[in-house]
$ cat start-v8.pdb   # PDB, C-alpha atoms
ATOM      1  CA  MET A   9       0.000   0.000   0.000
ATOM      2  CA  LYS A  10       1.349   3.431  -0.865
ATOM      3  CA  PRO A  11       2.087   5.960   1.912
ATOM      4  CA  LYS A  12      -0.609   8.230   0.455
ATOM      5  CA  HIS A  13      -3.236   5.503   0.889
ATOM      6  CA  GLN A  14      -1.995   4.732   4.403
ATOM      7  CA  ARG A  15      -2.428   8.391   5.379
ATOM      8  CA  LEU A  16      -5.912   8.434   3.858
ATOM      9  CA  TRP A  17      -6.962   5.347   5.842
ATOM     10  CA  PHE A  18      -5.459   6.818   9.025
ATOM     11  CA  VAL A  19      -7.344  10.108   8.587
ATOM     12  CA  ALA A  20     -10.605   8.299   7.803
ATOM     13  CA  PHE A  21     -10.199   5.996  10.817
ATOM     14  CA  SER A  22      -9.394   8.977  13.058
ATOM     15  CA  LEU A  23     -12.507  10.843  11.898
ATOM     16  CA  VAL A  24     -14.698   7.821  12.579
ATOM     17  CA  CYS A  25     -13.225   7.425  16.082
ATOM     18  CA  LEU A  26     -13.689  11.138  16.798
ATOM     19  CA  SER A  27     -17.303  11.016  15.608
ATOM     20  CA  VAL A  28     -18.131   7.970  17.715
ATOM     21  CA  SER A  29     -16.524   9.423  20.831
ATOM     22  CA  SER A  30     -18.341  12.759  20.341
ATOM     23  CA  LEU A  31     -21.651  10.926  19.958
ATOM     24  CA  LEU A  32     -21.063   8.932  23.143
ATOM     25  CA  ILE A  33     -20.170  12.065  25.108
ATOM     26  CA  MET A  34     -23.239  13.962  23.888
ATOM     27  CA  THR A  35     -25.605  11.114  24.758
ATOM     28  CA  ALA A  36     -24.064  10.838  28.232
ATOM     29  CA  PHE A  37     -24.634  14.546  28.877
ATOM     30  CA  ARG A  38     -28.077  14.729  27.261
ATOM     31  CA  ASP A  39     -29.966  15.874  30.388
ATOM     32  CA  ASN A  40     -27.045  17.339  32.299
ATOM     33  CA  ILE A  41     -26.239  20.126  29.850
ATOM     34  CA  VAL A  42     -29.354  22.073  30.869
ATOM     35  CA  PHE A  43     -28.418  24.937  33.217
ATOM     36  CA  PHE A  44     -31.766  24.901  35.007
ATOM     37  CA  PHE A  45     -35.302  23.564  34.722
ATOM     38  CA  THR A  46     -38.384  25.758  34.676
ATOM     39  CA  PRO A  47     -41.338  24.669  36.832
ATOM     40  CA  SER A  48     -43.235  23.546  33.700
ATOM     41  CA  GLU A  49     -40.296  21.375  32.570
ATOM     42  CA  LEU A  50     -39.882  19.960  36.063
ATOM     43  CA  LEU A  51     -43.516  18.860  36.220
ATOM     44  CA  SER A  52     -43.371  17.276  32.760
ATOM     45  CA  HIS A  53     -40.126  15.321  33.466
ATOM     46  CA  PRO A  54     -40.331  13.464  36.785
ATOM     47  CA  LEU A  55     -37.073  13.242  38.749
ATOM     48  CA  ARG A  56     -35.421  10.260  40.363
ATOM     49  CA  ALA A  57     -35.284  10.207  44.165
ATOM     50  CA  GLY A  58     -32.228  12.096  45.374
ATOM     51  CA  GLN A  59     -31.511  13.759  42.004
ATOM     52  CA  LEU A  60     -30.206  17.317  42.314
ATOM     53  CA  VAL A  61     -31.415  19.962  39.851
ATOM     54  CA  ARG A  62     -31.310  23.721  39.447
ATOM     55  CA  LEU A  63     -34.712  25.340  39.322
ATOM     56  CA  GLY A  64     -35.214  28.663  37.568
ATOM     57  CA  GLY A  65     -38.160  31.003  37.721
ATOM     58  CA  LEU A  66     -39.698  33.821  39.734
ATOM     59  CA  VAL A  67     -40.555  33.646  43.429
ATOM     60  CA  GLU A  68     -44.315  33.868  43.731
ATOM     61  CA  ALA A  69     -45.488  36.973  45.566
ATOM     62  CA  GLY A  70     -46.462  36.281  49.180
ATOM     63  CA  SER A  71     -45.162  32.716  49.158
ATOM     64  CA  VAL A  72     -42.038  33.193  51.306
ATOM     65  CA  ALA A  73     -42.313  31.607  54.775
ATOM     66  CA  LYS A  74     -39.406  31.475  57.251
ATOM     67  CA  GLU A  75     -39.345  28.542  59.669
ATOM     68  CA  GLY A  76     -36.299  28.886  61.915
ATOM     69  CA  VAL A  77     -33.258  28.527  59.679
ATOM     70  CA  SER A  78     -35.191  27.135  56.721
ATOM     71  CA  VAL A  79     -37.165  29.135  54.174
ATOM     72  CA  ARG A  80     -40.067  27.811  52.106
ATOM     73  CA  PHE A  81     -41.401  29.482  48.954
ATOM     74  CA  ARG A  82     -42.970  28.762  45.561
ATOM     75  CA  ILE A  83     -41.329  29.350  42.175
ATOM     76  CA  THR A  84     -43.391  30.066  39.084
ATOM     77  CA  ASP A  85     -42.767  30.544  35.372
ATOM     78  CA  GLY A  86     -46.261  31.854  34.689
ATOM     79  CA  ALA A  87     -47.625  28.492  33.613
ATOM     80  CA  ALA A  88     -46.742  26.237  36.569
ATOM     81  CA  THR A  89     -45.781  26.647  40.226
ATOM     82  CA  VAL A  90     -43.425  24.440  42.277
ATOM     83  CA  PRO A  91     -42.953  24.580  46.072
ATOM     84  CA  VAL A  92     -39.326  24.808  47.215
TER      85      VAL A  92
END
$ encode --input "start-v8.pdb" --output "structure tokens"
Amino acid sequence: MKPKHQRLWFVAFSLVCLSVSSLLIMTAFRDNIVFFFTPSELLSHPLRAGQLVRLGGLVEAGSVAKEGVSVRFRITDGAATVPV
């Protein structure tokens, strides 16, 4: 086999390996790339027990309640509300 053909096969093989590895990485991070969930998204995608997420939205007016060192409130995105 000529050196030119060897280089061509090496480049093609490298591109295939890079594509496969990129695909595997993107599927592994499918749900973890999201910076935060809105209340509507959170209600439509149930979470596993113990799963940590970031929740984004607006604090509902009049929903803040302090109980000792803990604070309870509700977050809304206009369509859905989630207690926190």
$ axis_aligned_box --input "start-v8.pdb" --around "stretch 69-74 of chain A" --padding-each-side "5 Å" --output "AutoDock Vina command-line options"
--center_x -42.9 --center_y 34.2 --center_z 51.4 --size_x 17.1 --size_y 15.5 --size_z 21.7
$ residues_around --input "start-v8.pdb" --residues "stretch 68-74 of chain A" --least-positions-apart "2" --cutoff "12 Å" --atoms "all atoms listed in the file" --output "list in words"
Pro47, Gly65, Leu66, Gly76, Val77, Ser78, Val79, Arg80, Phe81, Arg82, Ile83, Thr84, Asp85, Gly86, Ala87, Ala88, Thr89, Val90, Pro91 and Val92 of chain A
$ atom_distance --input "start-v8.pdb" --atom1 "atom CA of A:Val67" --atom2 "atom CA of A:Leu50"
15.6 Å
$ closest_residue --input "start-v8.pdb" --among "A:Val19, A:Leu55, A:Val28, A:Val61" --to "A:Phe43" --atoms "all atoms listed in the file"
A:Val61
$ atom_distance --input "start-v8.pdb" --atom1 "atom CA of A:Ala36" --atom2 "atom CA of A:Gly58"
19.0 Å
$ atom_distance --input "start-v8.pdb" --atom1 "atom CA of A:Phe44" --atom2 "atom CA of A:Leu26"
29.1 Å
